[in-house]
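In what follows, a single structure is set out as structure tokens and then discussed.
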Amino acid sequence: MRFWVVVLCSFLSLVGVFAQDLSSIITKPLFEQMLKHRNDANCPAHGFYTYEAFIAAARSNGAFGTTGDITARKREIAAFLAQTSHETTGGWATAPDGPYAWGYCFKQEQGNPPDYCVANQQWPCAPGKKYYGRGPIQISYNYNYGPAGRAIGSDLLNNPDLVATDPT
């Protein structure tokens with residue numbers, strides 16, 4: 001993961017930024033270059049993670065990538081993209097550009113994941129729902145889906161699939 005933070009910081013250092021908007025740091029061409037394999041036919045999430053969805057989601061959290069000096073802002077964005085790329089990588093050992101160049105390839109945990117439901121009075125599991133990793137953050141467990149849903153104004157305990165169906 002450290003590799004990706006260094007790579008992303010290097011990319012971001014090439015961009016001159018004076019505005020406070022996230023899109024002045026992560027332009028569409030830069031996003032496409034950093035995540036160039038995400039729309040490959042071998043990626044189950046091809047077409048899901050778009051630049052427009054990334055910017056809309058980031059703007060919905062007004063503080064993301066918009067506070068602090070330019071160096072702090074670039075680090076925050078680079079760390080986020082490095083972590084989420086790692087969580088969603090779909091590369092294999094001999095993949096073009098290496099296995100970690102395939103970030104944003106998956107939108108949900110692969111294989112046959114468990115339900116990730118644990119007893120919790122504040123965030124009880126909904127009947128028949130599973131709380132395995134979904135979305136770029138690969139959020140897991142009912143006690144994480146509950147507060148995340150509250151933060152975005154959606155009932156993710158009863159609709160955890162929303163994380164893998166709406167990228168914003």
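Chain labels run A, B, ... following the order of the structure tokens; each chain numbers its residues from 1, and ligands are numbered from 1 in the order shown.
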
Write out as a PyMOL selection string each polymer residue whose atoms come within 6 Å of region 114-123 of chain A, counting only C-alpha atoms; drop sequence neighbours fewer than 3 positions from it.
chain A and resi 130-132+141-143+146

What parts of region 32-117 of chain A does DSSP call alpha helix (DSSP H)? I'd like the answer as a VMD selection string.
chain A and resid 32 to 34 51 to 60 70 to 87

Expected file contents, prior selection, N, CA and C atoms, as an mmCIF file, in the first residue's frame:
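Contents of the output file selection.cif:
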```
data_model
loop_
_atom_site.group_PDB
_atom_site.id
_atom_site.type_symbol
_atom_site.label_atom_id
_atom_site.label_comp_id
_atom_site.auth_asym_id
_atom_site.auth_seq_id
_atom_site.Cartn_x
_atom_site.Cartn_y
_atom_site.Cartn_z
ATOM 1 N N GLU A 32 -8.428 8.880 -14.797
ATOM 2 C CA GLU A 32 -8.368 7.815 -15.804
ATOM 3 C C GLU A 32 -6.987 7.170 -15.842
ATOM 4 N N GLN A 33 -5.942 7.962 -15.692
ATOM 5 C CA GLN A 33 -4.583 7.429 -15.720
ATOM 6 C C GLN A 33 -4.293 6.583 -14.484
ATOM 7 N N MET A 34 -4.707 7.053 -13.317
ATOM 8 C CA MET A 34 -4.425 6.322 -12.082
ATOM 9 C C MET A 34 -5.209 5.021 -11.987
ATOM 10 N N TYR A 51 -15.426 8.819 -12.903
ATOM 11 C CA TYR A 51 -14.888 10.078 -12.380
ATOM 12 C C TYR A 51 -16.026 10.936 -11.834
ATOM 13 N N GLU A 52 -17.103 11.012 -12.572
ATOM 14 C CA GLU A 52 -18.239 11.843 -12.166
ATOM 15 C C GLU A 52 -18.815 11.378 -10.829
ATOM 16 N N ALA A 53 -18.918 10.058 -10.644
ATOM 17 C CA ALA A 53 -19.415 9.521 -9.374
ATOM 18 C C ALA A 53 -18.441 9.824 -8.239
ATOM 19 N N PHE A 54 -17.139 9.707 -8.513
ATOM 20 C CA PHE A 54 -16.124 10.015 -7.502
ATOM 21 C C PHE A 54 -16.239 11.468 -7.046
ATOM 22 N N ILE A 55 -16.318 12.385 -7.999
ATOM 23 C CA ILE A 55 -16.407 13.807 -7.665
ATOM 24 C C ILE A 55 -17.715 14.098 -6.927
ATOM 25 N N ALA A 56 -18.826 13.534 -7.379
ATOM 26 C CA ALA A 56 -20.111 13.759 -6.703
ATOM 27 C C ALA A 56 -20.073 13.238 -5.270
ATOM 28 N N ALA A 57 -19.530 12.050 -5.076
ATOM 29 C CA ALA A 57 -19.439 11.483 -3.725
ATOM 30 C C ALA A 57 -18.525 12.331 -2.849
ATOM 31 N N ALA A 58 -17.402 12.760 -3.398
ATOM 32 C CA ALA A 58 -16.467 13.585 -2.629
ATOM 33 C C ALA A 58 -17.099 14.925 -2.253
ATOM 34 N N ARG A 59 -17.807 15.516 -3.179
ATOM 35 C CA ARG A 59 -18.441 16.809 -2.903
ATOM 36 C C ARG A 59 -19.562 16.687 -1.875
ATOM 37 N N SER A 60 -20.168 15.506 -1.777
ATOM 38 C CA SER A 60 -21.231 15.333 -0.786
ATOM 39 C C SER A 60 -20.668 15.350 0.633
ATOM 40 N N ILE A 70 -2.287 22.714 0.464
ATOM 41 C CA ILE A 70 -2.345 21.860 -0.720
ATOM 42 C C ILE A 70 -1.661 20.519 -0.491
ATOM 43 N N THR A 71 -0.584 20.511 0.274
ATOM 44 C CA THR A 71 0.116 19.255 0.548
ATOM 45 C C THR A 71 -0.762 18.320 1.365
ATOM 46 N N ALA A 72 -1.423 18.841 2.374
ATOM 47 C CA ALA A 72 -2.319 18.023 3.199
ATOM 48 C C ALA A 72 -3.493 17.501 2.375
ATOM 49 N N ARG A 73 -4.023 18.341 1.513
ATOM 50 C CA ARG A 73 -5.149 17.930 0.675
ATOM 51 C C ARG A 73 -4.742 16.796 -0.262
ATOM 52 N N LYS A 74 -3.577 16.940 -0.889
ATOM 53 C CA LYS A 74 -3.098 15.895 -1.798
ATOM 54 C C LYS A 74 -2.854 14.590 -1.050
ATOM 55 N N ARG A 75 -2.288 14.683 0.143
ATOM 56 C CA ARG A 75 -2.046 13.472 0.938
ATOM 57 C C ARG A 75 -3.350 12.776 1.303
ATOM 58 N N GLU A 76 -4.343 13.551 1.698
ATOM 59 C CA GLU A 76 -5.634 12.969 2.069
ATOM 60 C C GLU A 76 -6.251 12.227 0.880
ATOM 61 N N ILE A 77 -6.250 12.850 -0.262
ATOM 62 C CA ILE A 77 -6.832 12.235 -1.456
ATOM 63 C C ILE A 77 -6.016 11.023 -1.882
ATOM 64 N N ALA A 78 -4.697 11.141 -1.856
ATOM 65 C CA ALA A 78 -3.834 10.017 -2.235
ATOM 66 C C ALA A 78 -4.030 8.836 -1.296
ATOM 67 N N ALA A 79 -4.127 9.104 -0.002
ATOM 68 C CA ALA A 79 -4.329 8.019 0.964
ATOM 69 C C ALA A 79 -5.667 7.328 0.721
ATOM 70 N N PHE A 80 -6.702 8.111 0.458
ATOM 71 C CA PHE A 80 -8.016 7.523 0.188
ATOM 72 C C PHE A 80 -7.977 6.658 -1.066
ATOM 73 N N LEU A 81 -7.436 7.191 -2.144
ATOM 74 C CA LEU A 81 -7.392 6.425 -3.392
ATOM 75 C C LEU A 81 -6.491 5.197 -3.272
ATOM 76 N N ALA A 82 -5.407 5.309 -2.529
ATOM 77 C CA ALA A 82 -4.532 4.146 -2.330
ATOM 78 C C ALA A 82 -5.261 3.057 -1.558
ATOM 79 N N GLN A 83 -5.934 3.429 -0.480
ATOM 80 C CA GLN A 83 -6.647 2.438 0.334
ATOM 81 C C GLN A 83 -7.793 1.803 -0.444
ATOM 82 N N THR A 84 -8.596 2.614 -1.102
ATOM 83 C CA THR A 84 -9.736 2.054 -1.820
ATOM 84 C C THR A 84 -9.294 1.253 -3.038
ATOM 85 N N SER A 85 -8.223 1.664 -3.683
ATOM 86 C CA SER A 85 -7.690 0.874 -4.802
ATOM 87 C C SER A 85 -7.205 -0.480 -4.313
ATOM 88 N N HIS A 86 -6.541 -0.478 -3.167
ATOM 89 C CA HIS A 86 -6.072 -1.742 -2.578
ATOM 90 C C HIS A 86 -7.256 -2.649 -2.230
ATOM 91 N N GLU A 87 -8.293 -2.070 -1.647
ATOM 92 C CA GLU A 87 -9.467 -2.856 -1.236
ATOM 93 C C GLU A 87 -10.200 -3.461 -2.427
#
```

Distance of CA of Thr88 (chain A) from CA of Gly103 (chain A), expressed in Å to one decimal place:
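Atom-to-atom, CA of Gly103 (chain A) to CA of Thr88 (chain A), that is 5.3 Å.
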
Please report the interatomic distance between CA of Cys105 (chain A) and CA of Thr89 (chain A) in Å with one decimal.
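Computing the Euclidean distance for CA of Cys105 (chain A) and CA of Thr89 (chain A) yields 5.5 Å.
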
To one decimal place in Å, what is the distance between CA of Val163 (chain A) and CA of Thr66 (chain A)?
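Between CA of Val163 (chain A) and CA of Thr66 (chain A) the gap works out to 23.9 Å.
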
Measuring between only C-alpha atoms, which one of A:Pro29, A:Pro160, A:Gly65, A:Gly91 shows the shortest distance to Arg134 (chain A)?
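Smallest separation from Arg134 (chain A) among the options: A:Pro160.
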
Using only C-alpha atoms for the distances, tell me which of A:Asp69, A:Gln20, A:Asn61, A:Trp102 is nearest to Leu35 (chain A).
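The shortest atom-to-atom distance to Leu35 (chain A) comes from A:Trp102.
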